[in-house]
file structure_27.csv (CSV, C-alpha atoms and all ligand atoms)
chain,number,residue,atom,x,y,z
A,299,MET,CA,49.7,95.5,123.0
A,300,MET,CA,49.3,92.7,120.4
A,301,LYS,CA,49.3,89.1,121.6
A,302,LYS,CA,52.7,88.2,120.1
A,303,GLU,CA,54.4,91.2,121.7
A,304,TYR,CA,52.7,90.4,125.0
A,305,VAL,CA,54.0,86.8,124.9
A,306,PHE,CA,57.5,88.0,124.0
A,307,LEU,CA,57.4,90.6,126.9
A,308,LEU,CA,56.2,87.9,129.3
A,309,ASN,CA,59.0,85.6,128.3
A,310,VAL,CA,61.5,88.4,128.9
A,311,ILE,CA,60.1,89.2,132.3
A,312,LEU,CA,60.1,85.6,133.4
A,313,LEU,CA,63.7,85.3,132.2
A,314,LEU,CA,64.8,88.4,134.2
A,315,THR,CA,63.9,86.6,137.4
A,316,CYS,CA,67.0,84.6,136.9
A,317,ILE,CA,69.5,87.5,136.5
A,318,GLY,CA,72.9,86.9,138.0
A,319,CYS,CA,72.8,83.1,137.7
A,320,ALA,CA,75.8,82.9,135.4
A,321,THR,CA,79.4,83.1,136.5
A,322,PRO,CA,81.3,86.1,135.0
A,323,PRO,CA,84.4,85.1,133.0
A,324,ALA,CA,87.6,87.0,133.9
A,325,SER,CA,88.9,89.6,131.5
A,326,THR,CA,91.3,92.5,131.4
A,327,ASN,CA,90.0,94.0,128.2
A,328,LEU,CA,89.3,97.7,128.4
A,329,LEU,CA,86.1,97.9,126.3
A,330,TYR,CA,84.7,94.9,128.0
A,331,GLN,CA,85.4,96.5,131.3
A,332,ARG,CA,84.1,99.9,130.3
A,333,LEU,CA,80.8,98.1,129.4
A,334,GLY,CA,80.7,96.8,133.0
A,335,GLY,CA,82.1,93.4,132.4
A,336,TYR,CA,79.9,90.4,132.2
A,337,HIS,CA,77.3,91.7,134.6
A,338,GLY,CA,77.2,95.0,132.7
A,339,LEU,CA,76.5,93.1,129.5
A,340,GLU,CA,73.8,91.1,131.2
A,341,LEU,CA,72.0,94.3,132.3
A,342,ILE,CA,72.4,96.0,128.9
A,343,THR,CA,71.1,92.8,127.2
A,344,ASN,CA,68.1,92.7,129.5
A,345,ASP,CA,67.1,96.2,128.7
A,346,PHE,CA,67.8,95.6,125.0
A,347,LEU,CA,65.4,92.6,125.0
A,348,LEU,CA,62.7,94.6,126.8
A,349,LEU,CA,63.0,97.3,124.1
A,350,ILE,CA,62.8,94.8,121.3
A,351,SER,CA,59.8,93.1,123.0
A,352,ARG,CA,57.9,96.4,123.0
A,353,ASP,CA,58.7,97.3,119.4
A,354,LYS,CA,56.1,96.1,116.9
A,355,ARG,CA,58.3,97.1,114.0
A,356,ILE,CA,60.7,94.2,114.7
A,357,VAL,CA,59.2,91.9,117.4
A,358,ASP,CA,57.7,89.5,114.8
A,359,HIS,CA,61.2,88.5,113.8
A,360,PHE,CA,61.5,86.8,117.1
A,361,ASN,CA,58.2,84.8,117.1
A,362,GLU,CA,60.0,81.5,117.0
A,363,THR,CA,62.8,82.5,119.3
A,364,ASP,CA,63.7,80.9,122.6
A,365,ILE,CA,64.4,84.1,124.5
A,366,SER,CA,66.5,82.4,127.2
A,367,ILE,CA,69.0,81.0,124.7
A,368,PHE,CA,68.9,84.1,122.5
A,369,ARG,CA,69.7,86.3,125.6
A,370,GLN,CA,72.7,84.0,126.5
A,371,ARG,CA,74.0,84.1,122.9
A,372,LEU,CA,73.7,87.8,122.7
A,373,ILE,CA,75.6,88.3,126.0
A,374,GLU,CA,78.3,85.9,124.9
A,375,HIS,CA,78.6,87.5,121.5
A,376,LEU,CA,78.8,91.1,122.9
A,377,CYS,CA,81.4,89.9,125.3
A,378,VAL,CA,83.6,88.5,122.6
A,379,VAL,CA,83.1,91.5,120.4
A,380,ALA,CA,84.1,93.7,123.3
A,381,GLY,CA,87.2,91.6,123.8
A,382,GLY,CA,86.0,89.6,126.9
A,383,GLU,CA,87.1,86.1,127.4
A,384,CYS,CA,83.7,84.4,126.8
A,385,ASP,CA,82.9,81.3,124.8
A,386,TYR,CA,80.4,82.3,122.1
A,387,GLN,CA,78.5,79.2,121.2
A,388,GLY,CA,76.2,80.6,118.6
A,389,GLU,CA,76.3,80.8,114.8
A,390,SER,CA,78.3,83.3,112.7
A,391,MET,CA,76.3,86.5,112.1
A,392,LEU,CA,75.9,85.4,108.4
A,393,ASN,CA,74.5,81.9,109.3
A,394,ALA,CA,72.3,83.2,112.2
A,395,HIS,CA,70.5,85.8,110.0
A,396,GLN,CA,70.5,84.2,106.6
A,397,GLY,CA,67.0,83.9,105.2
A,398,LEU,CA,65.4,86.1,107.9
A,399,ASN,CA,64.9,89.0,105.5
A,400,ILE,CA,66.3,91.6,107.9
A,401,THR,CA,66.2,95.0,106.2
A,402,GLN,CA,68.5,97.9,106.7
A,403,ALA,CA,65.7,99.7,108.5
A,404,ASP,CA,65.3,96.7,110.9
A,405,PHE,CA,69.1,96.9,111.6
A,406,ASP,CA,68.9,100.6,112.4
A,407,VAL,CA,65.9,100.0,114.7
A,408,LEU,CA,67.8,97.3,116.6
A,409,VAL,CA,71.0,99.3,116.9
A,410,GLY,CA,68.9,102.2,118.2
A,411,HIS,CA,67.6,99.9,121.0
A,412,LEU,CA,71.1,98.8,121.8
A,413,ILE,CA,72.2,102.5,122.1
A,414,THR,CA,69.2,103.2,124.4
A,415,ALA,CA,69.9,100.1,126.5
A,416,MET,CA,73.5,101.3,126.9
A,417,LYS,CA,72.3,104.8,127.8
A,418,GLN,CA,69.9,103.3,130.4
A,419,ASN,CA,73.0,101.7,132.0
A,420,ASP,CA,75.0,104.9,132.0
A,421,ILE,CA,77.5,103.8,129.4
A,422,PRO,CA,79.3,106.9,128.2
A,423,MET,CA,79.1,108.0,124.5
A,424,ALA,CA,82.7,107.1,123.7
A,425,THR,CA,82.2,103.6,125.0
A,426,ARG,CA,78.9,103.2,123.2
A,427,ASN,CA,80.5,104.3,120.0
A,428,ALA,CA,83.4,101.9,120.5
A,429,LEU,CA,81.0,99.0,120.7
A,430,LEU,CA,79.0,100.2,117.7
A,431,ALA,CA,82.2,100.5,115.7
A,432,ARG,CA,82.9,96.8,116.3
A,433,LEU,CA,79.3,95.8,115.3
A,434,ALA,CA,79.1,98.0,112.2
A,435,PRO,CA,81.2,95.6,110.0
A,436,MET,CA,78.5,92.9,110.6
A,437,TYR,CA,75.9,94.9,108.8
A,438,GLY,CA,76.4,93.2,105.5
A,439,ASP,CA,76.1,89.7,107.0
A,440,ILE,CA,73.0,90.5,109.0
A,441,THR,CA,70.8,92.4,106.4
A,442,TYR,CA,69.8,91.1,103.0
A,443,GLN,CA,70.7,93.3,100.0
A,501,LIG,C1,74.4,94.5,115.4
A,501,LIG,C2,73.3,93.8,115.0
A,501,LIG,C3,73.0,92.4,115.5
A,501,LIG,C4,73.7,91.5,116.3
A,501,LIG,C5,75.1,91.8,117.0
A,501,LIG,C6,73.0,90.3,116.4
A,501,LIG,C7,73.4,89.2,117.1
A,501,LIG,C8,72.7,88.0,117.1
A,501,LIG,C9,73.2,86.8,117.8
A,501,LIG,C10,74.4,86.7,118.7
A,501,LIG,C11,72.3,85.8,117.6
A,501,LIG,C12,72.3,84.4,118.1
A,501,LIG,C13,72.8,83.4,117.0
A,501,LIG,C14,72.7,82.0,117.5
A,501,LIG,O1,72.0,81.7,118.4
A,501,LIG,O2,73.4,81.1,116.9
A,501,LIG,C15,71.3,86.4,116.7
A,501,LIG,C16,70.2,85.7,116.2
A,501,LIG,C17,69.1,86.3,115.7
A,501,LIG,N1,69.0,87.6,115.3
A,501,LIG,FE1,70.4,89.0,115.5
A,501,LIG,N2,71.8,90.4,115.7
A,501,LIG,C18,71.8,91.7,115.1
A,501,LIG,C19,70.8,92.2,114.3
A,501,LIG,C20,69.6,91.6,114.1
A,501,LIG,C21,68.4,92.3,113.6
A,501,LIG,C22,68.4,93.7,113.0
A,501,LIG,C23,67.4,91.4,113.6
A,501,LIG,C24,66.0,91.6,113.2
A,501,LIG,C25,65.3,92.7,113.5
A,501,LIG,C26,67.9,90.2,114.2
A,501,LIG,C27,67.2,89.1,114.4
A,501,LIG,C28,67.7,87.9,114.9
A,501,LIG,C29,66.9,86.6,114.9
A,501,LIG,C30,65.5,86.5,114.5
A,501,LIG,C31,67.8,85.7,115.4
A,501,LIG,C32,67.5,84.2,115.6
A,501,LIG,C33,67.0,84.0,117.0
A,501,LIG,C34,66.6,82.5,117.2
A,501,LIG,O3,67.4,81.7,117.5
A,501,LIG,O4,65.4,82.3,117.0
A,501,LIG,N3,69.2,90.4,114.5
A,501,LIG,N4,71.5,87.7,116.5

call {"tool": "encode", "arguments": {"input": "structure_27.csv", "output": "structure tokens", "more": "lines below"}}
Ligand code: HEM
result
Amino acid sequence: MMKKEYVFLLNVILLLTCIGCATPPASTNLLYQRLGGYHGLELITNDFLLLISRDKRIVDHFNETDISIFRQRLIEHLCVVAGGECDYQGESMLNAHQGLNITQADFDVLVGHLITAMKQNDIPMATRNALLARLAPMYGDITYQ
């Protein structure tokens, strides 16, 4: 494993020691609930970050990233996208990814890891696809053309 990947992985592992610290916001939304609610999204995001940390094709994009903050923003963002009552405090997808030179291939790799993370948490295909359908329109804002 390369040093940068190792550091990223170490950060993720350290972070996972604090799982369950946040208070889950209440929500009645169906997709959000089908994803396991706030705790379900925490588990999916943890697995998602581990998969990213082990993937040398994309891990370098996150060299400067504070994994703890990134994890929290990801959970909040997925929560809002799924219709949960979270307060997303991050940037728009356009602002967050502008200038990062994210290719369409990078996007596909990352989405593949999200699918794997959902599978690892026993999220059924219909639910996985429902979330992906809500993320797909962000494609143009995240990748550079
Ligand atoms: C469906 C696709 C994606 C979603 C939903 C997503 C979501 C997010 C969110 C919520 C943030 C946090 C923004 C903030 O802190 O203000 C973020 C930041 C970021 N994303 Fe993405 N992203 C996606 C695709 C990608 C891809 C394909 C890459 C590169 C392989 C990528 C790399 C980054 C990086 C480097 C940051 C900045 C992290 C930092 O603060 O250092 N993202 N993304």

call {"tool": "residues_near_ligand", "arguments": {"input": "structure_27.csv", "ligand": "ligand LIG 501 (chain A)", "cutoff": "9 Å", "atoms": "all atoms listed in the file", "output": "number ranges by chain"}}
result
A: 350, 355-365, 367-376, 379, 386-391, 393-395, 398-409, 412, 430, 432-437, 440-441

call {"tool": "closest_atom_pairs", "arguments": {"input": "structure_27.csv", "of": "stretch 344-409 of chain A", "to": "stretch 302-308 of chain A", "cutoff": "7 Å", "atoms": "all atoms listed in the file", "output": "CSV"}}
result
residue,atom,partner,partner_atom,distance
A:Leu348,CA,A:Leu307,CA,6.6
A:Ser351,CA,A:Leu307,CA,5.2
A:Arg352,CA,A:Glu303,CA,6.4
A:Val357,CA,A:Glu303,CA,6.5

call {"tool": "atom_distance", "arguments": {"input": "structure_27.csv", "atom1": "atom CA of A:Leu329", "atom2": "atom CA of A:Leu314"}}
result
24.6 Å

call {"tool": "atom_distance", "arguments": {"input": "structure_27.csv", "atom1": "atom CA of A:Thr414", "atom2": "atom CA of A:Gly438"}}
result
22.6 Å

call {"tool": "closest_residue", "arguments": {"input": "structure_27.csv", "among": "A:Lys417, A:Leu392, A:Gln331, A:Val378", "to": "A:Asp345", "atoms": "all atoms listed in the file"}}
result
A:Lys417

call {"tool": "atom_distance", "arguments": {"input": "structure_27.csv", "atom1": "atom CA of A:Leu333", "atom2": "atom CA of A:Asn419"}}
result
9.0 Å

call {"tool": "closest_residue", "arguments": {"input": "structure_27.csv", "among": "A:His337, A:Phe346, A:Arg332, A:Val310", "to": "A:Ala415", "atoms": "all atoms listed in the file"}}
result
A:Phe346

call {"tool": "closest_residue", "arguments": {"input": "structure_27.csv", "among": "A:Met416, A:Gly381, A:Ala431, A:Thr425", "to": "A:Glu340", "atoms": "all atoms listed in the file"}}
result
A:Met416

call {"tool": "decode", "arguments": {"input": "structure_27.csv", "residues": "stretch 376-406 of chain A", "atoms": "N, CA and C atoms", "output": "short mmCIF file (atom, residue, chain, number, x, y, z; two decimals), in the first residue's frame"}}
result
data_model
loop_
_atom_site.label_atom_id
_atom_site.label_comp_id
_atom_site.auth_asym_id
_atom_site.auth_seq_id
_atom_site.Cartn_x
_atom_site.Cartn_y
_atom_site.Cartn_z
N LEU A 376 -26.07 13.05 1.96
CA LEU A 376 -26.87 11.87 1.58
C LEU A 376 -28.22 11.91 2.30
N CYS A 377 -28.21 12.35 3.54
CA CYS A 377 -29.45 12.46 4.31
C CYS A 377 -30.44 13.39 3.61
N VAL A 378 -29.97 14.57 3.23
CA VAL A 378 -30.85 15.54 2.57
C VAL A 378 -31.32 15.01 1.21
N VAL A 379 -30.38 14.43 0.46
CA VAL A 379 -30.73 13.87 -0.86
C VAL A 379 -31.81 12.80 -0.73
N ALA A 380 -31.73 12.02 0.36
CA ALA A 380 -32.70 10.95 0.58
C ALA A 380 -33.99 11.46 1.22
N GLY A 381 -34.04 12.75 1.50
CA GLY A 381 -35.26 13.33 2.05
C GLY A 381 -35.30 13.41 3.56
N GLY A 382 -34.16 13.12 4.21
CA GLY A 382 -34.11 13.22 5.67
C GLY A 382 -34.02 14.67 6.12
N GLU A 383 -34.31 14.88 7.37
CA GLU A 383 -34.36 16.25 7.90
C GLU A 383 -33.02 16.63 8.52
N CYS A 384 -31.98 16.60 7.69
CA CYS A 384 -30.65 16.98 8.17
C CYS A 384 -30.33 18.39 7.71
N ASP A 385 -29.35 18.97 8.35
CA ASP A 385 -28.90 20.30 7.99
C ASP A 385 -27.55 20.13 7.30
N TYR A 386 -27.54 20.19 5.96
CA TYR A 386 -26.29 20.04 5.22
C TYR A 386 -25.53 21.36 5.28
N GLN A 387 -24.32 21.32 5.83
CA GLN A 387 -23.57 22.56 6.04
C GLN A 387 -22.44 22.74 5.04
N GLY A 388 -22.39 21.89 4.04
CA GLY A 388 -21.31 21.98 3.06
C GLY A 388 -21.66 22.86 1.87
N GLU A 389 -20.75 22.86 0.92
CA GLU A 389 -20.90 23.63 -0.32
C GLU A 389 -21.85 22.92 -1.28
N SER A 390 -22.29 23.66 -2.28
CA SER A 390 -23.03 23.02 -3.38
C SER A 390 -22.08 22.06 -4.08
N MET A 391 -22.64 21.10 -4.81
CA MET A 391 -21.79 20.13 -5.50
C MET A 391 -20.89 20.83 -6.52
N LEU A 392 -21.39 21.88 -7.15
CA LEU A 392 -20.58 22.62 -8.12
C LEU A 392 -19.39 23.28 -7.42
N ASN A 393 -19.65 24.02 -6.36
CA ASN A 393 -18.56 24.71 -5.65
C ASN A 393 -17.58 23.74 -5.00
N ALA A 394 -18.10 22.64 -4.44
CA ALA A 394 -17.24 21.69 -3.72
C ALA A 394 -16.25 21.01 -4.66
N HIS A 395 -16.64 20.82 -5.92
CA HIS A 395 -15.81 20.02 -6.82
C HIS A 395 -15.14 20.82 -7.93
N GLN A 396 -15.43 22.13 -7.97
CA GLN A 396 -14.86 22.95 -9.03
C GLN A 396 -13.33 22.99 -8.92
N GLY A 397 -12.65 22.81 -10.04
CA GLY A 397 -11.19 22.88 -10.05
C GLY A 397 -10.50 21.61 -9.58
N LEU A 398 -11.26 20.59 -9.20
CA LEU A 398 -10.65 19.35 -8.71
C LEU A 398 -10.33 18.37 -9.85
N ASN A 399 -10.70 18.75 -11.06
CA ASN A 399 -10.41 17.90 -12.24
C ASN A 399 -10.92 16.48 -12.09
N ILE A 400 -12.14 16.35 -11.65
CA ILE A 400 -12.74 15.03 -11.48
C ILE A 400 -13.28 14.57 -12.83
N THR A 401 -12.79 13.41 -13.27
CA THR A 401 -13.19 12.90 -14.58
C THR A 401 -14.47 12.06 -14.46
N GLN A 402 -15.03 11.75 -15.61
CA GLN A 402 -16.20 10.88 -15.63
C GLN A 402 -15.83 9.50 -15.08
N ALA A 403 -14.58 9.05 -15.38
CA ALA A 403 -14.13 7.75 -14.86
C ALA A 403 -14.05 7.79 -13.33
N ASP A 404 -13.53 8.92 -12.78
CA ASP A 404 -13.48 9.06 -11.31
C ASP A 404 -14.88 8.94 -10.73
N PHE A 405 -15.81 9.61 -11.38
CA PHE A 405 -17.19 9.61 -10.90
C PHE A 405 -17.75 8.18 -10.87
N ASP A 406 -17.50 7.46 -11.96
CA ASP A 406 -18.01 6.08 -12.05
C ASP A 406 -17.40 5.20 -10.95
#
